[in-house]
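Q: Pasting final01.txt here (compact mmCIF, N, CA and C atoms):
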# COMPACT_ATOMS: atom_id res chain seq x y z
N MET A 1447 20.19 232.66 23.93
CA MET A 1447 19.55 231.95 22.86
C MET A 1447 18.98 230.67 23.41
N ALA A 1448 17.91 230.22 22.80
CA ALA A 1448 17.25 228.98 23.21
C ALA A 1448 17.17 228.04 22.03
N GLU A 1449 17.80 226.89 22.17
CA GLU A 1449 17.82 225.86 21.13
C GLU A 1449 17.97 224.52 21.83
N ASP A 1450 17.14 223.55 21.49
CA ASP A 1450 17.19 222.27 22.20
C ASP A 1450 18.18 221.27 21.60
N HIS A 1451 18.73 221.53 20.45
CA HIS A 1451 19.72 220.64 19.86
C HIS A 1451 21.11 221.12 20.27
N PRO A 1452 21.85 220.31 21.05
CA PRO A 1452 23.12 220.77 21.63
C PRO A 1452 24.15 221.29 20.62
N SER A 1453 24.37 220.58 19.53
CA SER A 1453 25.42 221.05 18.60
C SER A 1453 24.98 222.32 17.87
N LEU A 1454 23.71 222.43 17.53
CA LEU A 1454 23.24 223.66 16.90
C LEU A 1454 23.33 224.83 17.87
N ARG A 1455 22.98 224.59 19.13
CA ARG A 1455 23.07 225.64 20.15
C ARG A 1455 24.50 226.14 20.28
N GLU A 1456 25.46 225.22 20.34
CA GLU A 1456 26.86 225.62 20.48
C GLU A 1456 27.38 226.30 19.22
N ASN A 1457 26.94 225.85 18.05
CA ASN A 1457 27.34 226.52 16.81
C ASN A 1457 26.81 227.95 16.77
N LEU A 1458 25.55 228.13 17.16
CA LEU A 1458 24.97 229.48 17.19
C LEU A 1458 25.71 230.37 18.18
N ARG A 1459 26.02 229.82 19.34
CA ARG A 1459 26.78 230.60 20.34
C ARG A 1459 28.13 231.02 19.77
N TYR A 1460 28.82 230.09 19.12
CA TYR A 1460 30.12 230.39 18.52
C TYR A 1460 29.99 231.49 17.46
N ILE A 1461 29.00 231.37 16.59
CA ILE A 1461 28.79 232.34 15.52
C ILE A 1461 28.53 233.73 16.09
N VAL A 1462 27.67 233.82 17.08
CA VAL A 1462 27.35 235.11 17.70
C VAL A 1462 28.59 235.69 18.38
N ASN A 1463 29.28 234.88 19.16
CA ASN A 1463 30.45 235.38 19.88
C ASN A 1463 31.63 235.73 18.96
N ALA A 1464 31.64 235.19 17.74
CA ALA A 1464 32.70 235.52 16.78
C ALA A 1464 32.51 236.91 16.17
N GLU A 1465 31.33 237.47 16.31
CA GLU A 1465 31.06 238.81 15.78
C GLU A 1465 31.57 239.86 16.77
N ARG A 1466 32.20 240.90 16.27
CA ARG A 1466 32.77 241.93 17.15
C ARG A 1466 31.71 242.73 17.90
N ASP A 1467 30.50 242.81 17.36
CA ASP A 1467 29.46 243.63 17.97
C ASP A 1467 28.38 242.82 18.69
N MET A 1468 28.65 241.54 18.94
CA MET A 1468 27.65 240.69 19.60
C MET A 1468 28.30 239.82 20.66
N ILE A 1469 27.49 239.43 21.64
CA ILE A 1469 27.94 238.47 22.65
C ILE A 1469 26.73 237.69 23.13
N CYS A 1470 26.91 236.40 23.28
CA CYS A 1470 25.86 235.54 23.82
C CYS A 1470 25.98 235.56 25.34
N VAL A 1471 24.95 236.03 26.02
CA VAL A 1471 25.01 236.15 27.48
C VAL A 1471 24.37 234.98 28.20
N GLY A 1472 23.75 234.08 27.45
CA GLY A 1472 23.14 232.91 28.08
C GLY A 1472 22.53 231.99 27.05
N VAL A 1473 22.40 230.73 27.43
CA VAL A 1473 21.77 229.74 26.55
C VAL A 1473 20.76 228.94 27.35
N ALA A 1474 19.81 228.36 26.61
CA ALA A 1474 18.80 227.51 27.22
C ALA A 1474 18.46 226.39 26.26
N ASN A 1475 18.04 225.24 26.82
CA ASN A 1475 17.66 224.14 25.93
C ASN A 1475 16.19 223.78 26.03
N THR A 1476 15.43 224.47 26.87
CA THR A 1476 13.98 224.28 26.96
C THR A 1476 13.30 225.65 27.01
N GLY A 1477 12.01 225.66 26.78
CA GLY A 1477 11.27 226.91 26.86
C GLY A 1477 11.26 227.49 28.26
N ARG A 1478 11.05 226.65 29.24
CA ARG A 1478 11.03 227.14 30.63
C ARG A 1478 12.39 227.71 31.03
N GLU A 1479 13.45 227.04 30.60
CA GLU A 1479 14.79 227.55 30.89
C GLU A 1479 15.03 228.87 30.15
N ALA A 1480 14.52 228.99 28.92
CA ALA A 1480 14.65 230.24 28.17
C ALA A 1480 13.98 231.39 28.90
N ILE A 1481 12.82 231.13 29.46
CA ILE A 1481 12.11 232.17 30.22
C ILE A 1481 12.93 232.56 31.44
N ARG A 1482 13.40 231.57 32.19
CA ARG A 1482 14.17 231.85 33.41
C ARG A 1482 15.44 232.63 33.09
N VAL A 1483 16.21 232.19 32.10
CA VAL A 1483 17.47 232.85 31.75
C VAL A 1483 17.21 234.26 31.24
N THR A 1484 16.17 234.43 30.43
CA THR A 1484 15.86 235.75 29.88
C THR A 1484 15.45 236.72 30.97
N VAL A 1485 14.60 236.29 31.88
CA VAL A 1485 14.18 237.16 32.98
C VAL A 1485 15.37 237.50 33.88
N GLU A 1486 16.24 236.53 34.10
CA GLU A 1486 17.41 236.73 34.97
C GLU A 1486 18.46 237.64 34.33
N LYS A 1487 18.79 237.41 33.07
CA LYS A 1487 19.89 238.14 32.42
C LYS A 1487 19.46 239.37 31.64
N ARG A 1488 18.20 239.48 31.26
CA ARG A 1488 17.66 240.62 30.50
C ARG A 1488 18.52 240.99 29.29
N PRO A 1489 18.70 240.05 28.36
CA PRO A 1489 19.48 240.39 27.16
C PRO A 1489 18.73 241.38 26.29
N ASP A 1490 19.42 241.99 25.37
CA ASP A 1490 18.75 242.87 24.40
C ASP A 1490 17.85 242.06 23.48
N LEU A 1491 18.35 240.87 23.09
CA LEU A 1491 17.64 240.01 22.14
C LEU A 1491 17.66 238.57 22.61
N LEU A 1492 16.63 237.84 22.21
CA LEU A 1492 16.57 236.40 22.43
C LEU A 1492 16.38 235.73 21.08
N LEU A 1493 17.32 234.89 20.70
CA LEU A 1493 17.18 234.06 19.52
C LEU A 1493 16.53 232.76 19.99
N LEU A 1494 15.32 232.49 19.50
CA LEU A 1494 14.46 231.48 20.09
C LEU A 1494 14.02 230.44 19.07
N ASP A 1495 14.33 229.19 19.33
CA ASP A 1495 13.88 228.08 18.49
C ASP A 1495 12.36 227.98 18.56
N ALA A 1496 11.71 227.83 17.42
CA ALA A 1496 10.25 227.73 17.38
C ALA A 1496 9.74 226.41 17.93
N ASP A 1497 10.58 225.38 17.96
CA ASP A 1497 10.15 224.04 18.35
C ASP A 1497 10.96 223.49 19.51
N LEU A 1498 10.78 224.05 20.68
CA LEU A 1498 11.44 223.53 21.87
C LEU A 1498 10.63 222.36 22.42
N ARG A 1499 11.25 221.53 23.25
CA ARG A 1499 10.59 220.31 23.73
C ARG A 1499 9.39 220.57 24.63
N ASP A 1500 9.50 221.49 25.55
CA ASP A 1500 8.43 221.65 26.55
C ASP A 1500 7.41 222.73 26.18
N LEU A 1501 7.86 223.84 25.66
CA LEU A 1501 6.99 224.94 25.21
C LEU A 1501 7.43 225.33 23.82
N ASP A 1502 6.48 225.63 22.94
CA ASP A 1502 6.93 226.09 21.63
C ASP A 1502 7.37 227.54 21.74
N GLY A 1503 8.11 227.97 20.73
CA GLY A 1503 8.69 229.31 20.76
C GLY A 1503 7.66 230.42 20.88
N MET A 1504 6.51 230.25 20.26
CA MET A 1504 5.47 231.28 20.34
C MET A 1504 4.96 231.41 21.78
N GLU A 1505 4.79 230.30 22.47
CA GLU A 1505 4.35 230.35 23.87
C GLU A 1505 5.39 231.05 24.74
N VAL A 1506 6.67 230.75 24.50
CA VAL A 1506 7.74 231.43 25.24
C VAL A 1506 7.70 232.93 24.96
N ALA A 1507 7.55 233.32 23.70
CA ALA A 1507 7.50 234.74 23.33
C ALA A 1507 6.33 235.44 24.00
N ILE A 1508 5.18 234.79 24.04
CA ILE A 1508 4.00 235.38 24.68
C ILE A 1508 4.24 235.60 26.17
N ARG A 1509 4.82 234.60 26.83
CA ARG A 1509 5.11 234.74 28.27
C ARG A 1509 6.15 235.82 28.52
N LEU A 1510 7.17 235.87 27.68
CA LEU A 1510 8.21 236.88 27.87
C LEU A 1510 7.72 238.29 27.57
N ARG A 1511 6.75 238.41 26.73
CA ARG A 1511 6.16 239.74 26.45
C ARG A 1511 5.65 240.37 27.75
N ARG A 1512 5.15 239.52 28.63
CA ARG A 1512 4.63 239.98 29.92
C ARG A 1512 5.74 240.09 30.97
N LEU A 1513 6.67 239.13 30.98
CA LEU A 1513 7.69 239.06 32.02
C LEU A 1513 8.93 239.91 31.76
N ALA A 1514 9.27 240.08 30.48
CA ALA A 1514 10.47 240.85 30.11
C ALA A 1514 10.19 241.58 28.80
N PRO A 1515 9.29 242.55 28.83
CA PRO A 1515 8.84 243.20 27.59
C PRO A 1515 9.92 243.95 26.84
N ALA A 1516 11.00 244.33 27.47
CA ALA A 1516 12.07 245.07 26.78
C ALA A 1516 12.95 244.16 25.93
N VAL A 1517 12.87 242.85 26.14
CA VAL A 1517 13.70 241.91 25.40
C VAL A 1517 13.05 241.63 24.04
N ARG A 1518 13.79 241.89 22.97
CA ARG A 1518 13.31 241.59 21.62
C ARG A 1518 13.52 240.10 21.34
N THR A 1519 12.57 239.48 20.69
CA THR A 1519 12.65 238.05 20.40
C THR A 1519 12.69 237.81 18.90
N ILE A 1520 13.67 237.01 18.48
CA ILE A 1520 13.76 236.57 17.10
C ILE A 1520 13.48 235.07 17.11
N LEU A 1521 12.40 234.68 16.48
CA LEU A 1521 12.01 233.28 16.39
C LEU A 1521 12.61 232.69 15.13
N TYR A 1522 13.16 231.48 15.25
CA TYR A 1522 13.63 230.81 14.04
C TYR A 1522 13.09 229.39 14.01
N GLY A 1523 12.69 228.98 12.83
CA GLY A 1523 12.10 227.67 12.67
C GLY A 1523 11.86 227.35 11.21
N GLY A 1524 11.15 226.25 11.00
CA GLY A 1524 10.91 225.79 9.65
C GLY A 1524 9.78 226.51 8.94
N GLU A 1525 8.78 226.93 9.68
CA GLU A 1525 7.62 227.58 9.08
C GLU A 1525 7.66 229.08 9.36
N PRO A 1526 7.60 229.91 8.31
CA PRO A 1526 7.62 231.36 8.53
C PRO A 1526 6.47 231.83 9.41
N MET A 1527 6.74 232.79 10.25
CA MET A 1527 5.74 233.38 11.13
C MET A 1527 5.85 234.89 11.03
N ALA A 1528 4.73 235.54 11.05
CA ALA A 1528 4.72 237.00 11.04
C ALA A 1528 5.04 237.50 12.43
N PRO A 1529 5.76 238.61 12.54
CA PRO A 1529 6.00 239.19 13.86
C PRO A 1529 4.69 239.50 14.57
N GLY A 1530 4.71 239.42 15.84
CA GLY A 1530 3.55 239.64 16.69
C GLY A 1530 3.77 238.89 17.98
N HIS A 1531 2.95 239.10 18.96
CA HIS A 1531 3.07 238.44 20.26
C HIS A 1531 4.46 238.63 20.86
N GLY A 1532 5.06 239.78 20.63
CA GLY A 1532 6.37 240.05 21.19
C GLY A 1532 7.51 239.67 20.28
N LEU A 1533 7.23 239.13 19.09
CA LEU A 1533 8.31 238.75 18.18
C LEU A 1533 8.83 239.98 17.46
N GLY A 1534 10.15 240.09 17.42
CA GLY A 1534 10.75 241.17 16.67
C GLY A 1534 11.01 240.80 15.23
N ALA A 1535 11.21 239.49 14.99
CA ALA A 1535 11.51 239.03 13.64
C ALA A 1535 11.43 237.51 13.59
N PHE A 1536 11.48 236.99 12.38
CA PHE A 1536 11.51 235.55 12.15
C PHE A 1536 12.62 235.26 11.16
N VAL A 1537 13.36 234.16 11.42
CA VAL A 1537 14.39 233.68 10.50
C VAL A 1537 14.15 232.19 10.31
N ALA A 1538 14.19 231.74 9.06
CA ALA A 1538 14.01 230.32 8.77
C ALA A 1538 15.25 229.54 9.16
N LYS A 1539 15.05 228.36 9.78
CA LYS A 1539 16.19 227.49 10.03
C LYS A 1539 16.77 227.11 8.69
N GLY A 1540 18.06 227.09 8.61
CA GLY A 1540 18.70 226.79 7.34
C GLY A 1540 19.02 228.04 6.53
N ALA A 1541 18.57 229.20 7.02
CA ALA A 1541 18.91 230.45 6.33
C ALA A 1541 20.42 230.66 6.42
N PRO A 1542 20.99 231.35 5.44
CA PRO A 1542 22.43 231.64 5.52
C PRO A 1542 22.77 232.41 6.80
N ILE A 1543 23.95 232.16 7.31
CA ILE A 1543 24.40 232.82 8.54
C ILE A 1543 24.34 234.33 8.40
N ASP A 1544 24.70 234.86 7.25
CA ASP A 1544 24.65 236.32 7.05
C ASP A 1544 23.23 236.85 7.23
N GLU A 1545 22.23 236.09 6.79
CA GLU A 1545 20.83 236.51 6.97
C GLU A 1545 20.46 236.51 8.44
N LEU A 1546 20.86 235.47 9.16
CA LEU A 1546 20.59 235.42 10.61
C LEU A 1546 21.23 236.60 11.32
N LEU A 1547 22.50 236.86 11.03
CA LEU A 1547 23.21 237.96 11.70
C LEU A 1547 22.63 239.32 11.33
N SER A 1548 22.24 239.52 10.09
CA SER A 1548 21.65 240.80 9.72
C SER A 1548 20.28 240.98 10.39
N THR A 1549 19.53 239.90 10.57
CA THR A 1549 18.26 239.99 11.28
C THR A 1549 18.49 240.36 12.74
N VAL A 1550 19.49 239.78 13.35
CA VAL A 1550 19.83 240.13 14.74
C VAL A 1550 20.23 241.60 14.82
N ARG A 1551 21.03 242.06 13.90
CA ARG A 1551 21.45 243.46 13.92
C ARG A 1551 20.28 244.42 13.71
N ARG A 1552 19.38 244.09 12.79
CA ARG A 1552 18.20 244.94 12.58
C ARG A 1552 17.33 245.00 13.83
N ALA A 1553 17.14 243.86 14.48
CA ALA A 1553 16.33 243.83 15.70
C ALA A 1553 17.01 244.61 16.81
N ALA A 1554 18.33 244.51 16.90
CA ALA A 1554 19.06 245.27 17.92
C ALA A 1554 18.95 246.76 17.65
N PHE A 1555 19.07 247.16 16.39
CA PHE A 1555 18.94 248.57 16.03
C PHE A 1555 17.54 249.07 16.38
N ALA A 1556 16.52 248.27 16.09
CA ALA A 1556 15.15 248.65 16.43
C ALA A 1556 14.99 248.79 17.94
N ALA A 1557 15.64 247.92 18.69
CA ALA A 1557 15.56 248.00 20.15
C ALA A 1557 16.19 249.29 20.66
N LEU A 1558 17.26 249.72 20.02
CA LEU A 1558 17.93 250.95 20.44
C LEU A 1558 17.18 252.21 20.04
N THR A 1559 16.58 252.18 18.87
CA THR A 1559 15.93 253.39 18.36
C THR A 1559 14.47 253.50 18.77
N GLN A 1560 13.85 252.40 19.14
CA GLN A 1560 12.46 252.43 19.57
C GLN A 1560 12.30 251.56 20.80
N PRO A 1561 12.88 251.95 21.93
CA PRO A 1561 12.82 251.11 23.12
C PRO A 1561 11.38 250.95 23.62
N ARG A 1562 11.14 249.78 24.16
CA ARG A 1562 9.83 249.53 24.77
C ARG A 1562 9.79 250.20 26.12
N THR A 1563 8.62 250.59 26.54
CA THR A 1563 8.50 251.38 27.77
C THR A 1563 8.39 250.55 29.03
N LYS A 1564 8.05 249.29 28.92
CA LYS A 1564 7.87 248.47 30.12
C LYS A 1564 8.99 247.49 30.30
Can you turn what I pasted into structure tokens?

A:
Amino acid sequence: MAEDHPSLRENLRYIVNAERDMICVGVANTGREAIRVTVEKRPDLLLLDADLRDLDGMEVAIRLRRLAPAVRTILYGGEPMAPGHGLGAFVAKGAPIDELLSTVRRAAFAALTQPRTK
């Protein structure tokens, strides 16, 4: 997951790791770090802050579409965005935790049932 606010990043990591069917395999606090960690670890999903300090989430998603196309990206932020440019889904910041987790599960299910070829 990529989030530039330290306490939010740690809370999200805790929430994900508390679920029996999920595990956080890496964290990043900048867009460039998110790209590096994602390419290195190849997670199933990337939970990506839309407003990182160095690169915005959409730019990170576009770059990862080319560098790690099998990784599904869930963008979260204040302004809703339609999926595209490699985005698997969007979740509004401040959405209930259950909504965030169900979005992650739906994206993971989509990744399993319709894997990308590259």

Q: Restricting the calculation to only N, CA and C atoms, which member of A:Glu1479, A:Asp1490, A:Asp1495, A:Glu1449 is positioned closest to A:Leu1521?

A: A:Asp1495

Q: Select from chain A everything DSSP, run on the backbone, classes as strand (DSSP E), then give the selection as a list in words.

A: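 The strand (DSSP E) residues within chain A come out as Leu1491, Leu1492, Leu1493, Leu1494, Asp1495, Arg1518, Thr1519, Ile1520, Leu1521, Tyr1522, Gly1523, Leu1533, Gly1534, Ala1535, Phe1536, Val1537 and Ala1538 of chain A.
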
Q: Report as an mmCIF file with N, CA and C atoms, in the coordinates of the input: the residues of chain A with a DSSP assignment of alpha helix (DSSP H), based on the backbone of this structure.

A:
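And here's part.cif as it stands now:
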data_model
loop_
_atom_site.group_PDB
_atom_site.id
_atom_site.type_symbol
_atom_site.label_atom_id
_atom_site.label_comp_id
_atom_site.auth_asym_id
_atom_site.auth_seq_id
_atom_site.Cartn_x
_atom_site.Cartn_y
_atom_site.Cartn_z
ATOM 1 N N PRO A 1452 21.850 220.310 21.050
ATOM 2 C CA PRO A 1452 23.120 220.770 21.630
ATOM 3 C C PRO A 1452 24.150 221.290 20.620
ATOM 4 N N SER A 1453 24.370 220.580 19.530
ATOM 5 C CA SER A 1453 25.420 221.050 18.600
ATOM 6 C C SER A 1453 24.980 222.320 17.870
ATOM 7 N N LEU A 1454 23.710 222.430 17.530
ATOM 8 C CA LEU A 1454 23.240 223.660 16.900
ATOM 9 C C LEU A 1454 23.330 224.830 17.870
ATOM 10 N N ARG A 1455 22.980 224.590 19.130
ATOM 11 C CA ARG A 1455 23.070 225.640 20.150
ATOM 12 C C ARG A 1455 24.500 226.140 20.280
ATOM 13 N N GLU A 1456 25.460 225.220 20.340
ATOM 14 C CA GLU A 1456 26.860 225.620 20.480
ATOM 15 C C GLU A 1456 27.380 226.300 19.220
ATOM 16 N N ASN A 1457 26.940 225.850 18.050
ATOM 17 C CA ASN A 1457 27.340 226.520 16.810
ATOM 18 C C ASN A 1457 26.810 227.950 16.770
ATOM 19 N N LEU A 1458 25.550 228.130 17.160
ATOM 20 C CA LEU A 1458 24.970 229.480 17.190
ATOM 21 C C LEU A 1458 25.710 230.370 18.180
ATOM 22 N N ARG A 1459 26.020 229.820 19.340
ATOM 23 C CA ARG A 1459 26.780 230.600 20.340
ATOM 24 C C ARG A 1459 28.130 231.020 19.770
ATOM 25 N N TYR A 1460 28.820 230.090 19.120
ATOM 26 C CA TYR A 1460 30.120 230.390 18.520
ATOM 27 C C TYR A 1460 29.990 231.490 17.460
ATOM 28 N N ILE A 1461 29.000 231.370 16.590
ATOM 29 C CA ILE A 1461 28.790 232.340 15.520
ATOM 30 C C ILE A 1461 28.530 233.730 16.090
ATOM 31 N N VAL A 1462 27.670 233.820 17.080
ATOM 32 C CA VAL A 1462 27.350 235.110 17.700
ATOM 33 C C VAL A 1462 28.590 235.690 18.380
ATOM 34 N N ASN A 1463 29.280 234.880 19.160
ATOM 35 C CA ASN A 1463 30.450 235.380 19.880
ATOM 36 C C ASN A 1463 31.630 235.730 18.960
ATOM 37 N N ALA A 1464 31.640 235.190 17.740
ATOM 38 C CA ALA A 1464 32.700 235.520 16.780
ATOM 39 C C ALA A 1464 32.510 236.910 16.170
ATOM 40 N N GLY A 1477 12.010 225.660 26.780
ATOM 41 C CA GLY A 1477 11.270 226.910 26.860
ATOM 42 C C GLY A 1477 11.260 227.490 28.260
ATOM 43 N N ARG A 1478 11.050 226.650 29.240
ATOM 44 C CA ARG A 1478 11.030 227.140 30.630
ATOM 45 C C ARG A 1478 12.390 227.710 31.030
ATOM 46 N N GLU A 1479 13.450 227.040 30.600
ATOM 47 C CA GLU A 1479 14.790 227.550 30.890
ATOM 48 C C GLU A 1479 15.030 228.870 30.150
ATOM 49 N N ALA A 1480 14.520 228.990 28.920
ATOM 50 C CA ALA A 1480 14.650 230.240 28.170
ATOM 51 C C ALA A 1480 13.980 231.390 28.900
ATOM 52 N N ILE A 1481 12.820 231.130 29.460
ATOM 53 C CA ILE A 1481 12.110 232.170 30.220
ATOM 54 C C ILE A 1481 12.930 232.560 31.440
ATOM 55 N N ARG A 1482 13.400 231.570 32.190
ATOM 56 C CA ARG A 1482 14.170 231.850 33.410
ATOM 57 C C ARG A 1482 15.440 232.630 33.090
ATOM 58 N N VAL A 1483 16.210 232.190 32.100
ATOM 59 C CA VAL A 1483 17.470 232.850 31.750
ATOM 60 C C VAL A 1483 17.210 234.260 31.240
ATOM 61 N N THR A 1484 16.170 234.430 30.430
ATOM 62 C CA THR A 1484 15.860 235.750 29.880
ATOM 63 C C THR A 1484 15.450 236.720 30.970
ATOM 64 N N VAL A 1485 14.600 236.290 31.880
ATOM 65 C CA VAL A 1485 14.180 237.160 32.980
ATOM 66 C C VAL A 1485 15.370 237.500 33.880
ATOM 67 N N GLU A 1486 16.240 236.530 34.100
ATOM 68 C CA GLU A 1486 17.410 236.730 34.970
ATOM 69 C C GLU A 1486 18.460 237.640 34.330
ATOM 70 N N LYS A 1487 18.790 237.410 33.070
ATOM 71 C CA LYS A 1487 19.890 238.140 32.420
ATOM 72 C C LYS A 1487 19.460 239.370 31.640
ATOM 73 N N GLY A 1503 8.110 227.970 20.730
ATOM 74 C CA GLY A 1503 8.690 229.310 20.760
ATOM 75 C C GLY A 1503 7.660 230.420 20.880
ATOM 76 N N MET A 1504 6.510 230.250 20.260
ATOM 77 C CA MET A 1504 5.470 231.280 20.340
ATOM 78 C C MET A 1504 4.960 231.410 21.780
ATOM 79 N N GLU A 1505 4.790 230.300 22.470
ATOM 80 C CA GLU A 1505 4.350 230.350 23.870
ATOM 81 C C GLU A 1505 5.390 231.050 24.740
ATOM 82 N N VAL A 1506 6.670 230.750 24.500
ATOM 83 C CA VAL A 1506 7.740 231.430 25.240
ATOM 84 C C VAL A 1506 7.700 232.930 24.960
ATOM 85 N N ALA A 1507 7.550 233.320 23.700
ATOM 86 C CA ALA A 1507 7.500 234.740 23.330
ATOM 87 C C ALA A 1507 6.330 235.440 24.000
ATOM 88 N N ILE A 1508 5.180 234.790 24.040
ATOM 89 C CA ILE A 1508 4.000 235.380 24.680
ATOM 90 C C ILE A 1508 4.240 235.600 26.170
ATOM 91 N N ARG A 1509 4.820 234.600 26.830
ATOM 92 C CA ARG A 1509 5.110 234.740 28.270
ATOM 93 C C ARG A 1509 6.150 235.820 28.520
ATOM 94 N N LEU A 1510 7.170 235.870 27.680
ATOM 95 C CA LEU A 1510 8.210 236.880 27.870
ATOM 96 C C LEU A 1510 7.720 238.290 27.570
ATOM 97 N N ARG A 1511 6.750 238.410 26.730
ATOM 98 C CA ARG A 1511 6.160 239.740 26.450
ATOM 99 C C ARG A 1511 5.650 240.370 27.750
ATOM 100 N N ARG A 1512 5.150 239.520 28.630
ATOM 101 C CA ARG A 1512 4.630 239.980 29.920
ATOM 102 C C ARG A 1512 5.740 240.090 30.970
ATOM 103 N N LEU A 1513 6.670 239.130 30.980
ATOM 104 C CA LEU A 1513 7.690 239.060 32.020
ATOM 105 C C LEU A 1513 8.930 239.910 31.760
ATOM 106 N N ILE A 1543 23.950 232.160 7.310
ATOM 107 C CA ILE A 1543 24.400 232.820 8.540
ATOM 108 C C ILE A 1543 24.340 234.330 8.400
ATOM 109 N N ASP A 1544 24.700 234.860 7.250
ATOM 110 C CA ASP A 1544 24.650 236.320 7.050
ATOM 111 C C ASP A 1544 23.230 236.850 7.230
ATOM 112 N N GLU A 1545 22.230 236.090 6.790
ATOM 113 C CA GLU A 1545 20.830 236.510 6.970
ATOM 114 C C GLU A 1545 20.460 236.510 8.440
ATOM 115 N N LEU A 1546 20.860 235.470 9.160
ATOM 116 C CA LEU A 1546 20.590 235.420 10.610
ATOM 117 C C LEU A 1546 21.230 236.600 11.320
ATOM 118 N N LEU A 1547 22.500 236.860 11.030
ATOM 119 C CA LEU A 1547 23.210 237.960 11.700
ATOM 120 C C LEU A 1547 22.630 239.320 11.330
ATOM 121 N N SER A 1548 22.240 239.520 10.090
ATOM 122 C CA SER A 1548 21.650 240.800 9.720
ATOM 123 C C SER A 1548 20.280 240.980 10.390
ATOM 124 N N THR A 1549 19.530 239.900 10.570
ATOM 125 C CA THR A 1549 18.260 239.990 11.280
ATOM 126 C C THR A 1549 18.490 240.360 12.740
ATOM 127 N N VAL A 1550 19.490 239.780 13.350
ATOM 128 C CA VAL A 1550 19.830 240.130 14.740
ATOM 129 C C VAL A 1550 20.230 241.600 14.820
ATOM 130 N N ARG A 1551 21.030 242.060 13.900
ATOM 131 C CA ARG A 1551 21.450 243.460 13.920
ATOM 132 C C ARG A 1551 20.280 244.420 13.710
ATOM 133 N N ARG A 1552 19.380 244.090 12.790
ATOM 134 C CA ARG A 1552 18.200 244.940 12.580
ATOM 135 C C ARG A 1552 17.330 245.000 13.830
ATOM 136 N N ALA A 1553 17.140 243.860 14.480
ATOM 137 C CA ALA A 1553 16.330 243.830 15.700
ATOM 138 C C ALA A 1553 17.010 244.610 16.810
ATOM 139 N N ALA A 1554 18.330 244.510 16.900
ATOM 140 C CA ALA A 1554 19.060 245.270 17.920
ATOM 141 C C ALA A 1554 18.950 246.760 17.650
ATOM 142 N N PHE A 1555 19.070 247.160 16.390
ATOM 143 C CA PHE A 1555 18.940 248.570 16.030
ATOM 144 C C PHE A 1555 17.540 249.070 16.380
ATOM 145 N N ALA A 1556 16.520 248.270 16.090
ATOM 146 C CA ALA A 1556 15.150 248.650 16.430
ATOM 147 C C ALA A 1556 14.990 248.790 17.940
ATOM 148 N N ALA A 1557 15.640 247.920 18.690
ATOM 149 C CA ALA A 1557 15.560 248.000 20.150
ATOM 150 C C ALA A 1557 16.190 249.290 20.660
ATOM 151 N N LEU A 1558 17.260 249.720 20.020
ATOM 152 C CA LEU A 1558 17.930 250.950 20.440
ATOM 153 C C LEU A 1558 17.180 252.210 20.040
ATOM 154 N N THR A 1559 16.580 252.180 18.870
ATOM 155 C CA THR A 1559 15.930 253.390 18.360
ATOM 156 C C THR A 1559 14.470 253.500 18.770
#

Q: Name the closest residue to A:Arg1455 among the candidates A:Gly1524, A:Val1485, A:Val1473, A:Ala1514; distances are taken between atoms, counting all atoms listed in the file.

A: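 Looking only at the distances to A:Arg1455, the closest residue turns out to be A:Val1473.
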
Q: Give me, please, the distance in Å between atom CA of A:Val1537 and atom CA of A:Ile1520, quoted to one decimal.

A: 7.2 Å

Q: For A:Met1447, list every protein, DNA or RNA residue within 7 Å, evaluated using only C-alpha atoms, and leave out those in the same chain fewer than 6 positions away; present the list as a PyMOL selection string.

A: chain A and resi 1472-1474+1492-1494

Q: Measure the distance from atom CA of A:Leu1501 to atom CA of A:Gly1477 in Å and round it to one decimal.

A: 5.0 Å

Q: Which of these, A:Ala1464, A:Ala1556, A:Leu1491, A:Ala1448, has the shortest distance to A:Thr1476 once you count all atoms listed in the file?

A: A:Ala1448

Q: Could you tell me how far atom CA of A:Ile1461 lies from atom C of A:Ile1508, in Å and to one decimal?

A: 27.0 Å
